[in-house]
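K.L.:
For reference, this is query.pdb, and it has PDB, C-alpha atoms.
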ATOM      1  CA  MET A   1     -31.108  12.790  -0.249
ATOM      2  CA  GLY A   2     -33.070  15.636  -1.877
ATOM      3  CA  ALA A   3     -35.883  15.490   0.683
ATOM      4  CA  GLU A   4     -33.431  15.572   3.607
ATOM      5  CA  LEU A   5     -31.608  18.554   2.096
ATOM      6  CA  GLY A   6     -34.926  20.351   1.542
ATOM      7  CA  ARG A   7     -35.947  19.814   5.168
ATOM      8  CA  LEU A   8     -32.585  21.109   6.391
ATOM      9  CA  VAL A   9     -32.902  24.231   4.216
ATOM     10  CA  LEU A  10     -36.466  24.730   5.494
ATOM     11  CA  ALA A  11     -35.208  24.499   9.092
ATOM     12  CA  LEU A  12     -32.531  27.090   8.266
ATOM     13  CA  ALA A  13     -35.162  29.353   6.664
ATOM     14  CA  ASP A  14     -37.616  29.059   9.569
ATOM     15  CA  ASN A  15     -34.897  29.683  12.142
ATOM     16  CA  LYS A  16     -33.586  32.703  10.263
ATOM     17  CA  GLN A  17     -37.085  34.126   9.943
ATOM     18  CA  LEU A  18     -37.613  33.833  13.702
ATOM     19  CA  LEU A  19     -34.075  35.019  14.475
ATOM     20  CA  GLY A  20     -34.696  38.096  12.321
ATOM     21  CA  LEU A  21     -37.942  38.857  14.123
ATOM     22  CA  ARG A  22     -36.354  38.409  17.554
ATOM     23  CA  TYR A  23     -33.417  40.633  16.589
ATOM     24  CA  ALA A  24     -35.852  43.302  15.401
ATOM     25  CA  GLU A  25     -37.689  43.222  18.739
ATOM     26  CA  TRP A  26     -34.473  44.563  20.315
ATOM     27  CA  ALA A  27     -34.009  47.433  17.866
ATOM     28  CA  THR A  28     -35.045  49.927  20.561
ATOM     29  CA  ARG A  29     -34.039  47.984  23.679
ATOM     30  CA  SER A  30     -30.332  47.258  23.343
ATOM     31  CA  PRO A  31     -27.582  48.802  25.519
ATOM     32  CA  SER A  32     -26.539  51.483  23.014
ATOM     33  CA  LEU A  33     -27.722  53.339  19.925
ATOM     34  CA  GLU A  34     -25.144  51.497  17.808
ATOM     35  CA  ALA A  35     -26.361  48.135  19.097
ATOM     36  CA  ASP A  36     -29.971  49.196  18.365
ATOM     37  CA  ILE A  37     -29.044  49.908  14.752
ATOM     38  CA  ALA A  38     -27.068  46.660  14.520
ATOM     39  CA  ALA A  39     -30.071  44.708  15.876
ATOM     40  CA  ALA A  40     -32.335  46.266  13.249
ATOM     41  CA  ALA A  41     -29.824  45.679  10.442
ATOM     42  CA  MET A  42     -29.159  42.071  11.446
ATOM     43  CA  GLY A  43     -32.908  41.500  11.719
ATOM     44  CA  LEU A  44     -33.407  42.730   8.162
ATOM     45  CA  ASP A  45     -30.492  40.597   6.960
ATOM     46  CA  ASP A  46     -31.871  37.424   8.487
ATOM     47  CA  LEU A  47     -35.398  38.035   7.223
ATOM     48  CA  GLY A  48     -33.846  38.484   3.771
ATOM     49  CA  HIS A  49     -31.810  35.321   4.181
ATOM     50  CA  SER A  50     -34.939  33.367   5.115
ATOM     51  CA  ARG A  51     -36.611  34.515   1.877
ATOM     52  CA  VAL A  52     -33.623  33.346  -0.168
ATOM     53  CA  LEU A  53     -33.642  29.996   1.644
ATOM     54  CA  TYR A  54     -37.413  29.518   1.122
ATOM     55  CA  GLY A  55     -36.776  30.289  -2.547
ATOM     56  CA  CYS A  56     -34.332  27.378  -2.749
ATOM     57  CA  LEU A  57     -36.924  24.787  -1.675
ATOM     58  CA  GLU A  58     -38.648  24.335  -5.019
ATOM     59  CA  PRO A  59     -35.429  24.129  -7.086
ATOM     60  CA  LEU A  60     -34.158  21.521  -4.614
ATOM     61  CA  GLY A  61     -37.195  19.294  -5.242
ATOM     62  CA  GLU A  62     -40.514  18.991  -3.474
ATOM     63  CA  ASP A  63     -41.317  21.932  -1.174
ATOM     64  CA  PRO A  64     -41.637  20.349   2.300
ATOM     65  CA  ARG A  65     -43.982  23.067   3.628
ATOM     66  CA  GLY A  66     -47.457  21.720   4.406
ATOM     67  CA  PRO A  67     -50.816  23.394   5.130
ATOM     68  CA  GLU A  68     -50.386  22.798   8.883
ATOM     69  CA  ARG A  69     -48.135  25.863   8.983
ATOM     70  CA  GLU A  70     -51.227  28.089   8.615
ATOM     71  CA  SER A  71     -52.769  26.869  11.860
ATOM     72  CA  ASP A  72     -50.124  25.154  13.989
ATOM     73  CA  PRO A  73     -47.166  27.100  15.436
ATOM     74  CA  ALA A  74     -45.411  23.743  15.854
ATOM     75  CA  GLY A  75     -45.533  23.381  12.067
ATOM     76  CA  TYR A  76     -42.471  25.629  11.898
ATOM     77  CA  SER A  77     -39.033  24.026  12.139
ATOM     78  CA  ASN A  78     -37.526  26.625  14.481
ATOM     79  CA  LEU A  79     -35.485  26.032  17.606
ATOM     80  CA  ALA A  80     -37.237  26.489  20.962
ATOM     81  CA  TYR A  81     -34.861  29.396  21.618
ATOM     82  CA  PHE A  82     -37.002  31.471  19.247
ATOM     83  CA  ASP A  83     -40.426  30.341  20.529
ATOM     84  CA  ARG A  84     -40.725  33.347  22.866
ATOM     85  CA  PRO A  85     -39.445  36.938  22.798
ATOM     86  CA  TRP A  86     -36.113  37.291  24.578
ATOM     87  CA  GLU A  87     -36.279  38.900  27.995
ATOM     88  CA  ALA A  88     -32.601  39.716  28.515
ATOM     89  CA  TRP A  89     -29.802  41.211  26.409
ATOM     90  CA  ASP A  90     -27.735  38.107  27.242
ATOM     91  CA  GLU A  91     -30.316  36.011  25.413
ATOM     92  CA  PHE A  92     -29.773  38.212  22.378
ATOM     93  CA  VAL A  93     -25.986  37.848  22.640
ATOM     94  CA  ALA A  94     -26.100  34.050  23.016
ATOM     95  CA  ALA A  95     -28.378  33.767  19.979
ATOM     96  CA  ASN A  96     -26.210  36.167  17.983
ATOM     97  CA  ALA A  97     -22.900  34.533  18.880
ATOM     98  CA  VAL A  98     -23.832  30.849  19.076
ATOM     99  CA  LEU A  99     -26.980  30.207  17.043
ATOM    100  CA  ASP A 100     -26.504  32.710  14.219
ATOM    101  CA  THR A 101     -22.945  31.394  13.815
ATOM    102  CA  ALA A 102     -24.189  27.777  13.983
ATOM    103  CA  PHE A 103     -26.543  28.494  11.077
ATOM    104  CA  SER A 104     -23.671  30.173   9.221
ATOM    105  CA  VAL A 105     -21.402  27.142   9.526
ATOM    106  CA  VAL A 106     -24.209  24.966   8.118
ATOM    107  CA  ILE A 107     -24.716  27.450   5.266
ATOM    108  CA  GLU A 108     -20.961  27.428   4.695
ATOM    109  CA  ALA A 109     -21.126  23.611   4.438
ATOM    110  CA  CYS A 110     -23.947  24.000   1.877
ATOM    111  CA  VAL A 111     -21.925  26.508  -0.178
ATOM    112  CA  GLU A 112     -18.953  24.126  -0.136
ATOM    113  CA  GLY A 113     -21.192  21.131  -0.982
ATOM    114  CA  SER A 114     -22.307  19.771  -4.339
ATOM    115  CA  SER A 115     -25.790  21.329  -4.650
ATOM    116  CA  GLU A 116     -25.488  23.955  -7.395
ATOM    117  CA  VAL A 117     -28.590  25.821  -6.181
ATOM    118  CA  LEU A 118     -27.122  26.277  -2.713
ATOM    119  CA  ARG A 119     -23.588  26.923  -3.941
ATOM    120  CA  THR A 120     -24.721  29.888  -6.007
ATOM    121  CA  ARG A 121     -27.582  31.352  -3.965
ATOM    122  CA  LEU A 122     -26.185  31.224  -0.430
ATOM    123  CA  ARG A 123     -22.707  32.641  -0.957
ATOM    124  CA  LYS A 124     -23.650  36.311  -0.462
ATOM    125  CA  MET A 125     -25.330  35.415   2.825
ATOM    126  CA  LEU A 126     -21.977  34.463   4.296
ATOM    127  CA  GLU A 127     -20.538  37.898   3.455
ATOM    128  CA  GLU A 128     -23.356  39.608   5.387
ATOM    129  CA  GLU A 129     -23.096  37.116   8.209
ATOM    130  CA  ARG A 130     -19.475  38.149   8.803
ATOM    131  CA  TYR A 131     -20.743  41.264  10.563
ATOM    132  CA  HIS A 132     -23.275  39.332  12.636
ATOM    133  CA  PHE A 133     -20.402  37.135  13.731
ATOM    134  CA  LEU A 134     -18.134  40.058  14.676
ATOM    135  CA  HIS A 135     -20.995  41.611  16.623
ATOM    136  CA  GLY A 136     -21.865  38.388  18.461
ATOM    137  CA  ARG A 137     -18.296  37.394  19.269
ATOM    138  CA  SER A 138     -17.412  40.826  20.594
ATOM    139  CA  TRP A 139     -20.443  40.938  22.897
ATOM    140  CA  LEU A 140     -19.743  37.333  23.948
ATOM    141  CA  ARG A 141     -16.258  38.374  25.035
ATOM    142  CA  ALA A 142     -17.729  41.296  26.996
ATOM    143  CA  GLY A 143     -19.519  38.869  29.307
ATOM    144  CA  LEU A 144     -22.467  36.522  29.300
ATOM    145  CA  GLU A 145     -24.427  34.663  31.948
ATOM    146  CA  PRO A 146     -23.342  31.010  31.462
ATOM    147  CA  ALA A 147     -26.920  29.698  31.489
ATOM    148  CA  TYR A 148     -27.733  31.600  28.300
ATOM    149  CA  PHE A 149     -24.596  30.323  26.548
ATOM    150  CA  GLU A 150     -25.331  26.732  27.609
ATOM    151  CA  ARG A 151     -28.938  26.923  26.430
ATOM    152  CA  ALA A 152     -27.861  28.271  23.047
ATOM    153  CA  TRP A 153     -25.042  25.710  22.747
ATOM    154  CA  ARG A 154     -27.410  22.862  23.556
ATOM    155  CA  GLN A 155     -29.844  24.009  20.875
ATOM    156  CA  ALA A 156     -27.053  24.445  18.336
ATOM    157  CA  SER A 157     -26.046  20.845  19.094
ATOM    158  CA  ALA A 158     -29.652  19.772  18.538
ATOM    159  CA  PHE A 159     -29.667  21.619  15.216
ATOM    160  CA  PHE A 160     -26.564  19.697  14.100
ATOM    161  CA  GLY A 161     -28.339  16.506  15.249
ATOM    162  CA  PRO A 162     -27.175  13.136  16.579
ATOM    163  CA  PRO A 163     -24.329  11.199  14.946
ATOM    164  CA  GLY A 164     -25.242   9.228  11.859
ATOM    165  CA  ARG A 165     -28.410  11.150  11.068
ATOM    166  CA  GLU A 166     -29.407  13.494   8.244
ATOM    167  CA  ILE A 167     -26.495  15.960   8.395
ATOM    168  CA  ASP A 168     -23.933  13.151   8.466
ATOM    169  CA  GLN A 169     -25.764  11.419   5.610
ATOM    170  CA  LEU A 170     -25.827  14.640   3.569
ATOM    171  CA  HIS A 171     -22.109  14.999   4.212
ATOM    172  CA  GLU A 172     -21.446  11.444   3.056
ATOM    173  CA  ALA A 173     -23.448  12.177  -0.106
ATOM    174  CA  GLY A 174     -21.265  15.243  -0.778
ATOM    175  CA  LEU A 175     -24.120  17.735  -0.392
ATOM    176  CA  LEU A 176     -22.528  19.217   2.750
ATOM    177  CA  SER A 177     -18.805  19.758   3.188
ATOM    178  CA  ARG A 178     -18.959  18.841   6.890
ATOM    179  CA  GLY A 179     -20.805  16.352   9.110
ATOM    180  CA  GLY A 180     -22.339  17.109  12.503
ATOM    181  CA  ALA A 181     -19.189  16.715  14.643
ATOM    182  CA  ALA A 182     -17.134  18.812  12.214
ATOM    183  CA  LEU A 183     -19.808  21.528  12.224
ATOM    184  CA  ALA A 184     -19.692  21.688  16.043
ATOM    185  CA  ALA A 185     -15.884  21.868  15.914
ATOM    186  CA  ARG A 186     -16.085  24.640  13.307
ATOM    187  CA  LEU A 187     -18.499  26.593  15.534
ATOM    188  CA  LEU A 188     -16.080  26.374  18.481
ATOM    189  CA  GLU A 189     -13.186  27.368  16.250
ATOM    190  CA  ARG A 190     -15.024  30.449  14.973
ATOM    191  CA  LEU A 191     -15.986  31.535  18.482
ATOM    192  CA  GLU A 192     -12.410  30.826  19.640
ATOM    193  CA  LEU A 193     -13.665  28.741  22.545
ATOM    194  CA  ASP A 194     -12.547  25.508  24.125
ATOM    195  CA  ALA A 195     -15.186  22.798  24.142
ATOM    196  CA  PRO A 196     -17.851  23.736  26.709
ATOM    197  CA  ALA A 197     -18.676  21.273  29.472
ATOM    198  CA  VAL A 198     -20.131  18.103  28.006
ATOM    199  CA  VAL A 199     -23.760  18.691  27.196
ATOM    200  CA  GLU A 200     -25.691  15.510  27.833
ATOM    201  CA  ILE A 201     -28.457  15.239  25.287
ATOM    202  CA  ASP A 202     -31.245  12.691  25.382
ATOM    203  CA  TRP A 203     -31.631  12.169  21.661
ATOM    204  CA  LYS A 204     -34.829  10.135  22.159
ATOM    205  CA  ALA A 205     -36.668  13.461  22.399
ATOM    206  CA  TRP A 206     -35.069  14.824  19.212
ATOM    207  CA  ASP A 207     -37.386  15.759  16.362
ATOM    208  CA  PRO A 208     -35.559  15.094  13.061
ATOM    209  CA  ILE A 209     -37.869  17.404  11.076
ATOM    210  CA  ARG A 210     -37.756  20.405  13.411
ATOM    211  CA  ARG A 211     -34.190  19.611  14.552
ATOM    212  CA  ARG A 212     -35.015  20.356  18.195
ATOM    213  CA  LEU A 213     -35.466  18.547  21.490
ATOM    214  CA  GLU A 214     -38.394  20.419  23.017
ATOM    215  CA  PRO A 215     -42.102  20.219  22.139
ATOM    216  CA  GLY A 216     -44.106  23.410  21.643
ATOM    217  CA  GLY A 217     -43.894  26.215  19.136
ATOM    218  CA  ILE A 218     -43.906  29.941  18.442
ATOM    219  CA  ASP A 219     -45.869  32.181  20.839
ATOM    220  CA  THR A 220     -49.353  33.164  19.713
ATOM    221  CA  ALA A 221     -48.622  36.875  19.186
ATOM    222  CA  THR A 222     -45.633  36.172  16.950
ATOM    223  CA  PHE A 223     -47.428  33.406  15.066
ATOM    224  CA  ASP A 224     -50.445  35.659  14.418
ATOM    225  CA  MET A 225     -48.158  38.437  13.250
ATOM    226  CA  MET A 226     -46.311  36.065  10.905
ATOM    227  CA  ARG A 227     -49.609  35.042   9.315
ATOM    228  CA  GLY A 228     -50.714  38.654   8.975
ATOM    229  CA  LEU A 229     -53.562  38.334  11.475
ATOM    230  CA  GLU A 230     -52.301  41.244  13.563
ATOM    231  CA  GLU A 231     -52.449  43.507  10.520
ATOM    232  CA  ARG A 232     -55.897  42.277   9.501
ATOM    233  CA  ARG A 233     -57.297  43.404  12.868
ATOM    234  CA  PHE A 234     -56.763  46.984  11.734
ATOM    235  CA  THR A 235     -58.129  46.604   8.234
ATOM    236  CA  HIS A 236     -61.309  48.603   7.527
ATOM    237  CA  VAL A 237     -64.025  46.459   5.970
TER     238      VAL A 237
ATOM    239  CA  MET Q   1     -17.562  31.551  30.166
ATOM    240  CA  THR Q   2     -18.299  33.196  33.509
ATOM    241  CA  HIS Q   3     -17.909  36.943  33.387
ATOM    242  CA  ALA Q   4     -19.399  39.824  35.287
ATOM    243  CA  PHE Q   5     -22.546  41.030  33.572
ATOM    244  CA  THR Q   6     -21.763  44.200  31.635
ATOM    245  CA  ARG Q   7     -24.751  45.951  30.160
ATOM    246  CA  VAL Q   8     -22.799  48.874  28.745
ATOM    247  CA  HIS Q   9     -19.164  48.616  27.767
ATOM    248  CA  GLY Q  10     -16.943  50.555  30.159
ATOM    249  CA  ALA Q  11     -14.125  51.558  27.840
ATOM    250  CA  VAL Q  12     -15.161  52.650  24.380
ATOM    251  CA  ARG Q  13     -13.521  54.745  21.689
ATOM    252  CA  GLU Q  14     -14.682  56.634  18.670
ATOM    253  CA  TYR Q  15     -14.024  55.388  15.160
ATOM    254  CA  GLU Q  16     -14.308  57.490  12.013
ATOM    255  CA  VAL Q  17     -15.995  55.755   9.070
ATOM    256  CA  PHE Q  18     -14.772  56.420   5.528
ATOM    257  CA  ALA Q  19     -16.316  55.103   2.303
ATOM    258  CA  ARG Q  20     -16.502  55.598  -1.442
ATOM    259  CA  LYS Q  21     -18.977  54.603  -4.138
ATOM    260  CA  ALA Q  22     -16.563  54.215  -7.057
ATOM    261  CA  ARG Q  23     -12.902  53.324  -7.486
ATOM    262  CA  ALA Q  24     -12.276  56.705  -9.113
ATOM    263  CA  GLU Q  25     -13.538  58.574  -6.025
ATOM    264  CA  PRO Q  26     -11.455  59.264  -2.952
ATOM    265  CA  LEU Q  27     -12.537  57.883   0.399
ATOM    266  CA  ARG Q  28     -14.613  60.419   2.293
ATOM    267  CA  LEU Q  29     -15.771  60.701   5.854
ATOM    268  CA  VAL Q  30     -19.345  59.429   6.157
ATOM    269  CA  GLY Q  31     -19.730  59.318   9.935
ATOM    270  CA  SER Q  32     -18.512  57.789  13.147
ATOM    271  CA  VAL Q  33     -19.355  55.013  15.614
ATOM    272  CA  VAL Q  34     -18.499  54.350  19.237
ATOM    273  CA  ALA Q  35     -17.415  50.826  20.211
ATOM    274  CA  PRO Q  36     -15.150  48.997  22.663
ATOM    275  CA  ASP Q  37     -13.141  47.135  19.992
ATOM    276  CA  ASP Q  38     -12.388  46.986  16.268
ATOM    277  CA  ASP Q  39     -14.741  44.048  15.602
ATOM    278  CA  LEU Q  40     -17.773  45.705  17.110
ATOM    279  CA  ALA Q  41     -16.862  48.998  15.454
ATOM    280  CA  ALA Q  42     -16.801  47.220  12.076
ATOM    281  CA  ALA Q  43     -20.200  45.631  12.745
ATOM    282  CA  TYR Q  44     -21.661  48.974  13.879
ATOM    283  CA  ALA Q  45     -20.205  50.880  10.910
ATOM    284  CA  ARG Q  46     -21.592  48.396   8.451
ATOM    285  CA  ALA Q  47     -25.036  48.395  10.135
ATOM    286  CA  THR Q  48     -25.203  52.190  10.397
ATOM    287  CA  TYR Q  49     -23.784  53.330   7.064
ATOM    288  CA  ASP Q  50     -24.717  50.488   4.693
ATOM    289  CA  GLU Q  51     -27.611  52.405   3.118
ATOM    290  CA  GLU Q  52     -25.613  53.196  -0.011
ATOM    291  CA  ARG Q  53     -23.748  50.957  -2.425
ATOM    292  CA  TRP Q  54     -20.200  51.610  -1.271
ATOM    293  CA  VAL Q  55     -17.369  49.827  -3.058
ATOM    294  CA  GLU Q  56     -15.127  50.389  -0.043
ATOM    295  CA  MET Q  57     -15.608  51.202   3.623
ATOM    296  CA  VAL Q  58     -12.866  51.545   6.235
ATOM    297  CA  ILE Q  59     -12.815  52.567   9.878
ATOM    298  CA  VAL Q  60     -10.056  54.340  11.784
ATOM    299  CA  PRO Q  61      -9.820  54.954  15.530
ATOM    300  CA  ARG Q  62     -10.278  58.694  16.023
ATOM    301  CA  GLU Q  63      -7.135  58.788  18.158
ATOM    302  CA  SER Q  64      -5.063  57.496  15.212
ATOM    303  CA  LEU Q  65      -5.790  60.586  13.128
ATOM    304  CA  ILE Q  66      -2.966  63.091  13.305
ATOM    305  CA  THR Q  67      -4.254  66.654  13.316
ATOM    306  CA  LEU Q  68      -2.077  69.176  11.471
ATOM    307  CA  TRP Q  69      -4.409  72.063  12.207
ATOM    308  CA  ALA Q  70      -8.021  72.481  13.193
ATOM    309  CA  PRO Q  71     -10.613  75.233  13.580
ATOM    310  CA  GLY Q  72      -9.654  77.498  16.460
ATOM    311  CA  ALA Q  73      -6.087  76.232  16.639
ATOM    312  CA  GLN Q  74      -3.294  78.768  16.948
ATOM    313  CA  ASP Q  75      -1.340  77.831  13.809
ATOM    314  CA  GLY Q  76      -3.940  77.785  11.101
ATOM    315  CA  GLY Q  77      -7.591  77.039  10.447
TER     316      GLY Q  77
END
Starting from the file, lay out its structure as structure tokens.
P.N.:
Amino acid sequence: MGAELGRLVLALADNKQLLGLRYAEWATRSPSLEADIAAAAMGLDDLGHSRVLYGCLEPLGEDPRGPERESDPAGYSNLAYFDRPWEAWDEFVAANAVLDTAFSVVIEACVEGSSEVLRTRLRKMLEEERYHFLHGRSWLRAGLEPAYFERAWRQASAFFGPPGREIDQLHEAGLLSRGGAALAARLLERLELDAPAVVEIDWKAWDPIRRRLEPGGIDTATFDMMRGLEERRFTHV
Amino acid sequence: MTHAFTRVHGAVREYEVFARKARAEPLRLVGSVVAPDDDLAAAYARATYDEERWVEMVIVPRESLITLWAPGAQDGG
């Protein structure tokens, strides 16, 4: 199960890297100065978390990252929610409340699982994530367009995956403390929500590596920036 | 999940932020934040004042502080 665990950790790392970048894009656009600062701080946290998660890949076994990541935005295992910059504050709130918390419940399941690398390295992340959670839940309670919540919930469900697949197998092997259904229940419990309307998912379109339903990948500007190409444009030769 | 869209919270209050770097030190006022509820105030305080290695940080609603005297008040200051 080492390869499956490595791919799950890579998906967490890629999503947290993109989540951090998207948070940071709102550091001067949020509704208040406090929320600006929180967006910047949460962005830094999640970029830091992604580095810790990438650092776990080698100790877990073979690093699943291939050379395609240098040229293909679809080589990243991020949810479609992070493919493009967010255009509305509600998109930020849905990502903060639903997706950031979804990643946290998976990380919690890793910390409570049997992998010593994850048990020791990911614990501090959960302490920092407490404040992301308080921020997201409070803004969620303040009001959110339902379409943004539903989109985020659907993608969180895709991240947990269909019944019987990798996350359930990792749970059965003891590497995660919860399976997919229990992770979804934990997410609802943390957000203090009743189950949202049944989200019909056509799992035939699900990509088990990228843990998402939609094709496509990160927008060109973000992908270039992640590879350092934006900075190189300004380098004097 | 349907609520009216609220870009800026209507009712907010001020919270004072106290922290200390060592157990031997007393808590001291390091700043304030404005938020509609305790949760968001905690998230804002941590994001705004987490630059130093505090061993403790607490927040208190400004309205919960009881003023004994203050600059310009009749009986003191």
K.L.:
Of the candidates A:Ala109, A:Lys124, A:Leu10, A:Ala158, which one gets nearest to Gly66 in chain A if we count only C-alpha atoms?
P.N.:
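The answer is A:Leu10, which sits nearest to Gly66 in chain A.
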K.L.:
Counting all atoms listed in the file, select every polymer residue within 10 Å of (-16.8, 50.5, 8.5) as defined in the file's coordinates, and provide the selection as an mmCIF file with C-alpha atoms, in the coordinates of the input.
P.N.:
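Everything below was put into selection19.cif:
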data_model
loop_
_atom_site.group_PDB
_atom_site.id
_atom_site.type_symbol
_atom_site.label_atom_id
_atom_site.label_comp_id
_atom_site.auth_asym_id
_atom_site.auth_seq_id
_atom_site.Cartn_x
_atom_site.Cartn_y
_atom_site.Cartn_z
ATOM 1 C CA TYR Q 15 -14.024 55.388 15.160
ATOM 2 C CA GLU Q 16 -14.308 57.490 12.013
ATOM 3 C CA VAL Q 17 -15.995 55.755 9.070
ATOM 4 C CA PHE Q 18 -14.772 56.420 5.528
ATOM 5 C CA ALA Q 19 -16.316 55.103 2.303
ATOM 6 C CA VAL Q 30 -19.345 59.429 6.157
ATOM 7 C CA GLY Q 31 -19.730 59.318 9.935
ATOM 8 C CA SER Q 32 -18.512 57.789 13.147
ATOM 9 C CA VAL Q 33 -19.355 55.013 15.614
ATOM 10 C CA ASP Q 38 -12.388 46.986 16.268
ATOM 11 C CA ASP Q 39 -14.741 44.048 15.602
ATOM 12 C CA LEU Q 40 -17.773 45.705 17.110
ATOM 13 C CA ALA Q 41 -16.862 48.998 15.454
ATOM 14 C CA ALA Q 42 -16.801 47.220 12.076
ATOM 15 C CA ALA Q 43 -20.200 45.631 12.745
ATOM 16 C CA TYR Q 44 -21.661 48.974 13.879
ATOM 17 C CA ALA Q 45 -20.205 50.880 10.910
ATOM 18 C CA ARG Q 46 -21.592 48.396 8.451
ATOM 19 C CA ALA Q 47 -25.036 48.395 10.135
ATOM 20 C CA THR Q 48 -25.203 52.190 10.397
ATOM 21 C CA TYR Q 49 -23.784 53.330 7.064
ATOM 22 C CA ASP Q 50 -24.717 50.488 4.693
ATOM 23 C CA GLU Q 56 -15.127 50.389 -0.043
ATOM 24 C CA MET Q 57 -15.608 51.202 3.623
ATOM 25 C CA VAL Q 58 -12.866 51.545 6.235
ATOM 26 C CA ILE Q 59 -12.815 52.567 9.878
ATOM 27 C CA VAL Q 60 -10.056 54.340 11.784
#
K.L.:
What residues in chain A have any atom no more than 10 Å from chain Q when counting all atoms listed in the file, and can you write them as number ranges by chain?
P.N.:
A: 30-42, 89-90, 128, 130-147, 149-150, 193-194, 196
K.L.:
When the PyMOL selection byres ((chain A and resi 61) around 12) is applied to the file above, which residues end up in the set, as a short mmCIF file (atom, residue, chain, number, x, y, z; two decimals) with C-alpha atoms, in the coordinates of the input?
P.N.:
data_model
loop_
_atom_site.label_atom_id
_atom_site.label_comp_id
_atom_site.auth_asym_id
_atom_site.auth_seq_id
_atom_site.Cartn_x
_atom_site.Cartn_y
_atom_site.Cartn_z
CA MET A 1 -31.11 12.79 -0.25
CA GLY A 2 -33.07 15.64 -1.88
CA ALA A 3 -35.88 15.49 0.68
CA GLU A 4 -33.43 15.57 3.61
CA LEU A 5 -31.61 18.55 2.10
CA GLY A 6 -34.93 20.35 1.54
CA ARG A 7 -35.95 19.81 5.17
CA VAL A 9 -32.90 24.23 4.22
CA GLY A 55 -36.78 30.29 -2.55
CA CYS A 56 -34.33 27.38 -2.75
CA LEU A 57 -36.92 24.79 -1.68
CA GLU A 58 -38.65 24.34 -5.02
CA PRO A 59 -35.43 24.13 -7.09
CA LEU A 60 -34.16 21.52 -4.61
CA GLU A 62 -40.51 18.99 -3.47
CA ASP A 63 -41.32 21.93 -1.17
CA PRO A 64 -41.64 20.35 2.30
CA ARG A 65 -43.98 23.07 3.63
CA SER A 115 -25.79 21.33 -4.65
CA VAL A 117 -28.59 25.82 -6.18
#
K.L.:
For the file shown, report as a VMD selection string the outcome of the PyMOL selection byres ((chain A and resi 215) around 10) at residue level.
P.N.:
chain A and resid 74 79 to 80 205 to 207 210 212 to 214 216 to 217
K.L.:
Would you fill out range 184-195 of chain A with N, CA and C atoms and return it as a tab-separated table (two decimals), keeping the file's coordinate frame?
P.N.:
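Okay, this is what ended up in part07.tsv:
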chain	number	residue	atom	x	y	z
A	184	ALA	N	-19.83	21.23	14.65
A	184	ALA	CA	-19.69	21.69	16.04
A	184	ALA	C	-18.27	22.18	16.30
A	185	ALA	N	-17.28	21.45	15.75
A	185	ALA	CA	-15.88	21.87	15.91
A	185	ALA	C	-15.64	23.20	15.22
A	186	ARG	N	-16.23	23.38	14.05
A	186	ARG	CA	-16.08	24.64	13.31
A	186	ARG	C	-16.71	25.80	14.09
A	187	LEU	N	-17.84	25.55	14.73
A	187	LEU	CA	-18.50	26.59	15.53
A	187	LEU	C	-17.59	27.02	16.69
A	188	LEU	N	-17.00	26.05	17.38
A	188	LEU	CA	-16.08	26.37	18.48
A	188	LEU	C	-14.87	27.15	17.97
A	189	GLU	N	-14.36	26.71	16.84
A	189	GLU	CA	-13.19	27.37	16.25
A	189	GLU	C	-13.49	28.83	15.93
A	190	ARG	N	-14.67	29.07	15.34
A	190	ARG	CA	-15.02	30.45	14.97
A	190	ARG	C	-15.20	31.32	16.21
A	191	LEU	N	-15.77	30.75	17.26
A	191	LEU	CA	-15.99	31.54	18.48
A	191	LEU	C	-14.73	31.59	19.34
A	192	GLU	N	-13.69	30.87	18.92
A	192	GLU	CA	-12.41	30.83	19.64
A	192	GLU	C	-12.61	30.37	21.08
A	193	LEU	N	-13.37	29.29	21.22
A	193	LEU	CA	-13.66	28.74	22.54
A	193	LEU	C	-13.13	27.32	22.65
A	194	ASP	N	-12.79	26.92	23.87
A	194	ASP	CA	-12.55	25.51	24.12
A	194	ASP	C	-13.91	24.84	24.18
A	195	ALA	N	-13.91	23.51	24.08
A	195	ALA	CA	-15.19	22.80	24.14
A	195	ALA	C	-15.87	23.10	25.46
